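First comes the structure, then the notes that go with it.
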Amino acid sequence: MTALLKVEGLSKSFGGVQVITDVSFEAEEGARLALIGPNGAGKTTLFNLLTGVFPQDEGTVTLAGQVIDGAPSRRRIGMGMARSFQNIRLMPHLSVVENVMLGQQHRRSGLGAMLSPLTLFGRSESWREAEALIADMGLEAWMGETVSTLPYGIRKQIELVRALAAKPRLLLLDEPAAGLNGTETAQLRDFLARISGTGITLLVVEHDMSLVRSLCDRCVVLNFGRKIYDGSTAQVHEDPLVLEAYLGARHSGETADVA
Amino acid sequence: MSGYWTGIVTILAINVVFAYGIYLAVATGQLNLGGAGFQALGAYAAAWLCFELDWSPAWTIAAGTVVAGVIGMGIAIPILRLKGVYLVLGTFAFAEVVAGLILNSETLGGAMGLPVPAYIEWQVPVAAAVACALLVFYLMATRFGLAVRSVHDDDVVADLMGVNVRGVRVAAFALGAALAGLSGGLYAHAFSYVEIQGFNASLSIYVLLYVLLGGAQTAWGPLVGAAFFTLLPEAMRSFLPAAKEAIWTAFGVTGDISPPDESWRFVVLGAAVIAMMVFRPEGLVTRDTFAFPRRRSPAAAPTREAAE
């Protein structure tokens, strides 16, 4: 097994506030790695650094053996890294199919591809591919709907499908279960397991520990921007530093369910 | 057609071309309030080439389109670094610079304007308007159109999806400037005369209104907006006095009453614009206008959250 994603000594500050401090970890090809930590621990900032929304101050990120520091954010999806967002960020005025076709953008960005119609004279290859992917995920009932009119749970799933349309090797999921009910979370778990089965590496930020436990065997815990734990998900609730992060020093002697 | 109607049809066609030019920038989420500047560039390029060098209209209009497009691209690269109201003011300032330069240029006739010897019939602007509409409809149906619309909705995510946000914005702005220049060239030849006072701030505002009130979500918007705001004042020219007389007659008043007479139609138009802004800010035509009534499962009903 080789590391698909390798993060070494990553640091970032905004003004005088140090948000990420010397974080290092690796994710192996096909791994399901959880990234957890209390609110404000720097999980989303870490995602933003990985995808190039902001540049890091220090450290190196390597994806599939290639150092991606300084690569513009729009090139990174083509390097095999796609993500979803904590607060759903689909294009509200676009239909479901159009949003999913946007996920294919990096593979079809030449001048010829940009200027050939998507639907004008029958459905284009892009359109059919997007439709097939949506149908494959069981969402064909929503195909032509404008995204802003759809219920929350459906939009959450469509954002995942859009990320998959990029054919990524590494999928970064920022709280995929937030706002979902129990049934939807169970469906999400099966869905992610299925994606993982196709060889896609998952890096999941999540607060729902039952989902994390059933999906990821390894987790990295962040607190105040520092890595405080990297190891088995089954034992994370026994780690004194993790307990202190969640419960405070006074209660860290007590045993409690993390998050 | 009578002279009155050919005049209306000509100005309508020119306004449609002009509105499509501004629409391309607006569709990427950038308000272009410098429309008159780009139209003036096209109009003066065509007028000068015709007056001084005796080029035929086909070539002068093409040259006007290219001049406005090239300058549009040159100006887009720095100006699109601005955001929101600063971008709007930047485009506005550009139009003022163009007007100032032309007003002070002896070559271009200064405040006197330039006569344009070659004349085009009303069919030419109409053909150009149809061609522009088809071009924009085609572009919006391509992946470029998808990129344009996604940049409008969320430029950060569009970038993460691999869209060249800056490239899409510059291309749409420059192509829009070229169409505005085309409308200027058509204007110069259709009305045989250009003077810079005609390419003023209120023209820029009007054409932006055509787009915003017509609806910027689909390529139908500029067409409907330009038609509505070109034809409505004309329709009111006879309707307003007739309506006034009918009302006063109903109250038993006869004879010469004034105002409101037909010159009040712009008051009515202004009130209509305000009413539109309040009750239908997304414009006359939206994407939902063309959506077929669909069977929906109860779960698909818009939720409170979805309405945000």
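Convention: chains lettered A, B, ... in structure tokens order; per-chain residue numbering from 1; ligands numbered from 1 as shown.
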
Legend entry - chain A residues near chain B (6 Å cut-off, only C-alpha atoms) as a PyMOL selection string: chain A and resi 73-74+91+103+105-106+114-118+148-150

Legend entry - Contact residues around Gly184 (chain B) with only C-alpha atoms at 12 Å, ignoring same-chain residues under 3 positions, as a PyMOL selection string: chain B and resi 11+13-19+21+35-47+60-68+125+128+177-181+187-196+198-199+203

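Distances to Asn99 (chain A) were evaluated for A:Thr146, A:Leu120, A:Leu63, A:Phe85 using only C-alpha atoms, and the minimum falls at A:Thr146.
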
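Minimum atom-to-atom distance to Glu184 (chain A), evaluated using only C-alpha atoms, belongs to A:Ile154 out of A:Ile154, A:Ile68, A:Ala113, A:Val100.
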
Inset, instruction - Could you check how far CA of Ala272 (chain B) sits from CA of Tyr23 (chain B), in Å to one decimal? - result: 21.1 Å
